[in-house]
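**Q** Please read through the structure below; I'll follow up with questions.
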Amino acid sequence: MSGDLLGWWGVPLAVLAGAIRVSTPFLFVSLGECITEKSGRINLGLEGTLVMGAMSGYAVSYLSGSPWLGVLAAGCAGAVFGILHALICSLPRVNDIAVGIALMLFGIGLAFFLGKPFIQPQAPNLPSIPFGWWSENAQVRDALRVNALFIIGVILAPFLLWAFRNTRWGLILRTVGDSADAALALGYAINRVRMFATASGGFLAGVGGSFLSLSYPGSWSEGLSSGQGITAVALVIFARWNPMLCFWASLLFGGAAALGPALQSVGITQGYYLFNAAPYMLTLLIMILTCSRDRTLAGAPGELGVTR
Amino acid sequence: MTSAFKLSRRVLLQGSAALGATTLLAGLPFGSAQAKDIAVGFIYVGPRDDFGYNQAHAQGAAALKKLGGFKVLEEENVPETVAVEKTMESMINLDGAALVFPTSFGYYNPHMVKLAKKYDKVRFLHCGGLWSDKDPANAGSYFGYIDEAQYLSGIVAGYTSKTGKLGFIAAKPIPQVLRNINAFTLGARLANPNVTTQVIFTGDWSMPVKEAEATNGLINQGVDVVTCHVDSPKVIAETAEKRGIMVCGYHVDQSKLAPKGYLTGAEWNWEALYPKLAKSAQGGEKIPNLVRGGLKEGVVKTSAYGPLVEEKARKHADDIKAKLTAGSYVIFKGPIKDNKGGTVIAAGTDRGQTDIELEKMNYLVEGVLGAIA
C-alpha cells in the first residue's frame, strides 16, 4: 500500500484535484455574472440562484432518476430567477443591487422551504470522466476524475471571450453595457438585451448549483453553498469582466480551498486557520497588487452600478 | 321554550356523566391523568433532518410527540444570536411553552440565562452547557458522554483498518471534540497498538465542501476508516462510500448513506432522555440542573455493526460496552501521554466520566497526528 502513496507530493496533487473539483460552481456562477454585468447590470442574487439550482437539480434528479435532467431543471430555475430580476429592474427607479439582495434571500428561503423533503433521499449523481486511467497510482486516478460539467465550463470560458469580442450578439451586449444612450441611438431594446443577459446568467448559476448537489460534494443540504455564490460574484470584478480570467480565478479559489485540508492530511497541522483563510488573503493580495492610481477598474462596463 | 328545556336537560345529563367519570378516574391509581398537556419547545441551530446533530434532537422531539400529552413546538435554523431569544420568547408568550430545549451550544450564555431570569416559571434545559450555581434555578443543562460510544467505534475501527491509518474530521478543537478524538484513538490502539489517527480541523460546524476535501485528502494519504465530529456527517459518509473506504458514524445512524462501508457509530439517544425530562416537568418535579450520562444512563448508544466488522472486533467491543454499561470501566486511565510526549494523566490516576477535568481537555493523546492550534 505504501508504494501507492505519494506523501508530500500529495499536496500539489490535492491542490490541483481540489482546484478542479471545487472550482466548478465558482466558474459557472462567475461566467453567468460576467454575461449579466457585461450588459450593465449587477445580479447579486446569484447566491440564491445557486442554492435554488442545487435544490431543484437534486430534486429533479431524484424524482426522474436522470441527473442530466436535474442539471437542466437547475438551469431553468436559475433562468426564472434571472428573468424575475430583469423584470423588476426594468421598472423605473429600481436599484439592481437592492433587488439582487432581495432575490438572494428569497432564493435561499424558497430553496430551503421546497428542499425539505429532499434532504434525506439520495439522488443519482452526475458521472465523472476518468482521465487518470493511464496511472497506476490511485491518488492520481482520483485527482483526474473530472466531472463533465467542469469540461463544459472549460469550453464555455474561451467561447464566451470569443463571443463577446467577435459576434454581433457580443457587440450588442457590450454596447448596452457600456453606454445605454449609444445602444438606444442604434435602436436596440436595452431592457430586452439585459433580460436575456440576466436570464442566461441565472441559467449558468443554476447549473453551477446543480454541480454542488449532483457532483461535489454531491448531496443536498442547507449548508451546501456557504457563500460560494457571493464569492463568485466578487470574482468577476477580480477577473476584470474577462471570462478567461474568471476561469483562472475560479481555479485559484478552488485550489486555495483545498490547501487547508491537503496540508493537514500530510501532517502540517500548525496554523490551519491561516490556511483555511488562504482564498481571502489571496484576494486581498491580488486586489492590492493590481490596483492602479491612474484608472479605476479597467474593463468595467460603463453602465455598471458600481462604476457610475 | 320546550326545545331549550330539552337541550339544557341533555347538557345537564352529559355534564353529570362526565363529572362522574372524572371523579371515578381521579379515584383510580393513575390519577396523574389530571396533569394537563404542556407545551414543550425545541430549538435547533440547523435543519432538523441533517443526518446529524439536529436530527438527533429532532428524533428526541418526535419521540416525545409520539408519547402524547405534550404539545411539541419546533423551530429550526435559529442562529446563536439574539434571534434565539426571540424564538424562545415567542414560544413562551404565544404558544405557552412551559419547557424549552435550546439545543445548540451557543444558546446558553447569555441568551438562555437571560430569559431564564425573565421567565422564572418556565423551565429551560440546555444541551451541552455547564450549569453552575450562579445560573438561574429554573435552568439546567444536560449532555452525554458520547466519547464512550466513540471509544467503541475506535475499537471496531482499529480491528478493521488494514492500513492502520484512521482519519478524524473535526470542526473545532474544543474540549468535547478533543475528548472524542482521544477516546476514538485510545479505543483503536486497544485493538491495534500501532494505529494512528490523522485529524483534520475544518474550522466550522458545517462546511460540506471542506469536509469532502478533507475526506478525499485523508483517503489519498492511505486512511481507510474515517469518522468525524461535525454537525452533519452526511457528506463524509457519502464520500467515504464513493471512494470505497470505511466509516464510523456520529450523532445518528448513517448506515443508510454507506451500506457497504459503515462499521458502527456513536449516536445520541435523546429519544430516551427527552420524554424523561418532559415528564418530570409535567409532574412538577424539581428541575434537574445538571444532567450527564453515558451508555449506563442510556443517553448515548451505538449503531448496529456493519457487514465488514469481524467477529473478533464485535466481541471485544461488546465486552467493553457491557463493562461501560455496568459502570465498571474507565476510558481515561493513566498513564496516558499526549502526542508531544508529555504525560497528561499520571499512572495510577483514573479519570472517570464524571471527572470535571475531562471537560477541560486541551491535548491530543499519543497516536493522534495533528495539533490543536
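By convention here, the chains of the C-alpha cells are called A, B, ... in the order presented, each chain's residues are numbered starting at 1, and ligands are numbered starting at 1 in the order presented.
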Residues at most 10 Å from Phe238 of chain A, counting only C-alpha atoms, excluding those fewer than 6 positions away in the same chain, as a PyMOL selection string?
**A** chain A and resi 232+245-246+249+283-284+286-287+290+297
**Q** I need the strand (DSSP E or B) residues of segment 161-359 of chain B per DSSP on the backbone, written as a PyMOL selection string.
**A** chain B and resi 165-170+196-201+225-229+246-251+262-268+290-293+300-302+332-333+336-338+343-345+350-351
**Q** Within 9 Å of Asp95 of chain B, counting only C-alpha atoms, which residues qualify if same-chain residues fewer than 6 places away don't, as a PDB file with N, CA and C atoms, in the first residue's frame?
**A**
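What follows is the written file selection-v1.pdb:
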```pdb
ATOM      1  N   ALA B  39     -46.864  22.504  26.788  1.00  0.00           N
ATOM      2  CA  ALA B  39     -46.180  22.805  25.535  1.00  0.00           C
ATOM      3  C   ALA B  39     -44.675  22.761  25.764  1.00  0.00           C
ATOM      4  N   GLY B  41     -40.949  23.366  23.844  1.00  0.00           N
ATOM      5  CA  GLY B  41     -40.323  23.963  22.660  1.00  0.00           C
ATOM      6  C   GLY B  41     -38.937  23.394  22.403  1.00  0.00           C
ATOM      7  N   LEU B  73     -43.383  21.999  20.093  1.00  0.00           N
ATOM      8  CA  LEU B  73     -43.114  23.117  19.181  1.00  0.00           C
ATOM      9  C   LEU B  73     -41.687  22.978  18.708  1.00  0.00           C
TER      10      LEU B  73
END
```
**Q** Produce a table with one row for each residue of chain A that has an atom at most 8 Å from any atom of chain B, each row naming the nearest atom pair and its distance in Å at one decimal; use only C-alpha atoms; arrange rows by chain and rising residue number; format as a tab-separated table.
**A**
```
residue	atom	partner	partner_atom	distance
A:Met1	CA	B:Thr163	CA	7.6
A:Ser2	CA	B:Gly222	CA	7.8
A:Leu5	CA	B:Gln221	CA	6.4
A:Leu6	CA	B:Gln221	CA	7.6
A:Gly7	CA	B:Gln221	CA	6.8
A:Gly10	CA	B:Asn220	CA	7.3
A:Ala14	CA	B:Gly217	CA	6.8
A:Gly18	CA	B:Glu213	CA	7.1
A:Val22	CA	B:Val209	CA	7.4
A:Ile119	CA	B:Asp49	CA	6.7
A:Gln120	CA	B:Asp49	CA	6.9
A:Ala138	CA	B:Asn220	CA	7.8
A:Gln139	CA	B:Asn220	CA	5.6
A:Tyr216	CA	B:Val209	CA	7.4
A:Pro217	CA	B:Val209	CA	5.8
A:Gly218	CA	B:Val235	CA	7.6
A:Ser219	CA	B:Val235	CA	7.1
A:Ser221	CA	B:Asp50	CA	7.0
A:Glu222	CA	B:Pro47	CA	7.0
A:Gly223	CA	B:Ser206	CA	6.4
A:Leu224	CA	B:Pro208	CA	5.8
A:Ser226	CA	B:Met207	CA	7.3
A:Ala257	CA	B:Lys210	CA	7.4
A:Ala258	CA	B:Glu213	CA	6.3
A:Pro261	CA	B:Ala214	CA	4.9
A:Ala262	CA	B:Gly217	CA	5.4
A:Gln264	CA	B:Ile200	CA	5.7
A:Ser265	CA	B:Leu218	CA	5.4
A:Val266	CA	B:Gln221	CA	6.9
A:Gly267	CA	B:Gly370	CA	6.4
A:Ile268	CA	B:Gly370	CA	7.7
A:Thr269	CA	B:Gly370	CA	5.4
A:Gln270	CA	B:Ala373	CA	5.9
A:Gly271	CA	B:Ala373	CA	6.0
A:Tyr272	CA	B:Ala373	CA	7.4
A:Tyr273	CA	B:Gly203	CA	6.8
A:Asn276	CA	B:Gly203	CA	7.7
```
**Q** Neighbouring residues of Asp147 of chain B were defined as those with any atom within 9 Å, considering only C-alpha atoms; residues of the same chain fewer than 4 positions away were excluded. Please report them as a ChimeraX atom specification.
**A** /B:151-152,176,179-184,266,294,331
**Q** Among segment 128-365 of chain B, which residues does DSSP mark as alpha helix (DSSP H) when it is run on the backbone? Keep the chain and numbering as in the structure and answer as JSON, numbers by chain.
**A** {"B": [147, 148, 149, 150, 151, 152, 153, 154, 155, 156, 157, 158, 159, 160, 175, 176, 177, 178, 179, 180, 181, 182, 183, 184, 185, 186, 187, 188, 189, 190, 191, 208, 209, 210, 211, 212, 213, 214, 215, 216, 217, 218, 219, 220, 234, 235, 236, 237, 238, 239, 240, 241, 242, 270, 271, 272, 273, 274, 275, 276, 277, 278, 279, 280, 281, 282, 311, 312, 313, 314, 315, 316, 317, 318, 319, 320, 321, 322, 323, 324, 325, 326]}
**Q** Out of B:Met361, B:Leu115, B:Val122, B:Leu308, which residue has the shortest atom-to-atom distance to Tyr159 of chain B when counting only C-alpha atoms?
**A**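 Of B:Met361, B:Leu115, B:Val122, B:Leu308, the one nearest Tyr159 of chain B is B:Leu308, counting only C-alpha atoms.
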**Q** Between A:Ser200, A:Val29, A:Ala54, A:Leu304, which residue has the minimum interatomic distance to Asn95 of chain A, considering only C-alpha atoms?
**A**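 Answer, going by the shortest atom-to-atom distance: A:Leu304.
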**Q** Could you pull the residues within 12 Å of Glu80 of chain B, counting only C-alpha atoms, minus those fewer than 5 positions along the same chain, as a PyMOL selection string?
**A** chain B and resi 43-46+85-87+102-112
**Q** For the residues in that selection, give me C-alpha atoms as a PDB file, in the first residue's frame.
**A**
```pdb
ATOM      1  CA  ILE B  43     -34.864  24.984  19.040  1.00  0.00           C
ATOM      2  CA  TYR B  44     -32.336  23.714  16.515  1.00  0.00           C
ATOM      3  CA  VAL B  45     -29.347  25.531  15.090  1.00  0.00           C
ATOM      4  CA  GLY B  46     -29.606  23.794  11.698  1.00  0.00           C
ATOM      5  CA  GLU B  85     -34.122  34.884  22.464  1.00  0.00           C
ATOM      6  CA  LYS B  86     -36.909  35.979  20.142  1.00  0.00           C
ATOM      7  CA  THR B  87     -37.707  32.366  19.314  1.00  0.00           C
ATOM      8  CA  PRO B 102     -32.432  25.210  23.233  1.00  0.00           C
ATOM      9  CA  THR B 103     -30.192  22.530  21.773  1.00  0.00           C
ATOM     10  CA  SER B 104     -27.148  24.367  20.490  1.00  0.00           C
ATOM     11  CA  PHE B 105     -24.031  25.184  22.496  1.00  0.00           C
ATOM     12  CA  GLY B 106     -24.018  28.933  21.782  1.00  0.00           C
ATOM     13  CA  TYR B 107     -27.594  29.421  23.001  1.00  0.00           C
ATOM     14  CA  TYR B 108     -26.592  29.075  26.642  1.00  0.00           C
ATOM     15  CA  ASN B 109     -24.888  32.221  27.724  1.00  0.00           C
ATOM     16  CA  PRO B 110     -26.054  34.999  27.590  1.00  0.00           C
ATOM     17  CA  HIS B 111     -29.261  34.174  25.686  1.00  0.00           C
ATOM     18  CA  MET B 112     -30.849  31.374  27.666  1.00  0.00           C
TER      19      MET B 112
END
```
**Q** I want to know what sits within 7 Å of Leu161 of chain A, based on only C-alpha atoms, with residues of the same chain fewer than 4 positions away left out; could you give that as a VMD selection string?
**A** chain A and resid 157 165 242 to 244
**Q** Counting only C-alpha atoms, what is within 6 Å of segment 71-79 of chain A, bar same-chain residues fewer than 3 positions away, as a PyMOL selection string?
**A** chain A and resi 49+53+56-57+68+82+199+202-203+206-207+210
**Q** Closest to Gly227 of chain A among A:Phe196, A:Phe26, A:Phe211, A:Trp248, using only C-alpha atoms?
**A**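 Using only C-alpha atoms, Gly227 of chain A sits closest to A:Phe26.
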**Q** Quick check, in Å to one decimal: how far apart do atom CA of Asp338 of chain B and atom CA of Leu186 of chain B lie?
**A** 11.2 Å
**Q** May I ask which of the residues A:Leu103, A:Leu204, A:Ala234, A:Ala180 is the closest one to Glu303 of chain A, counting only C-alpha atoms?
**A**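 Comparing A:Leu103, A:Leu204, A:Ala234, A:Ala180 against Glu303 of chain A, the winner is A:Ala180.
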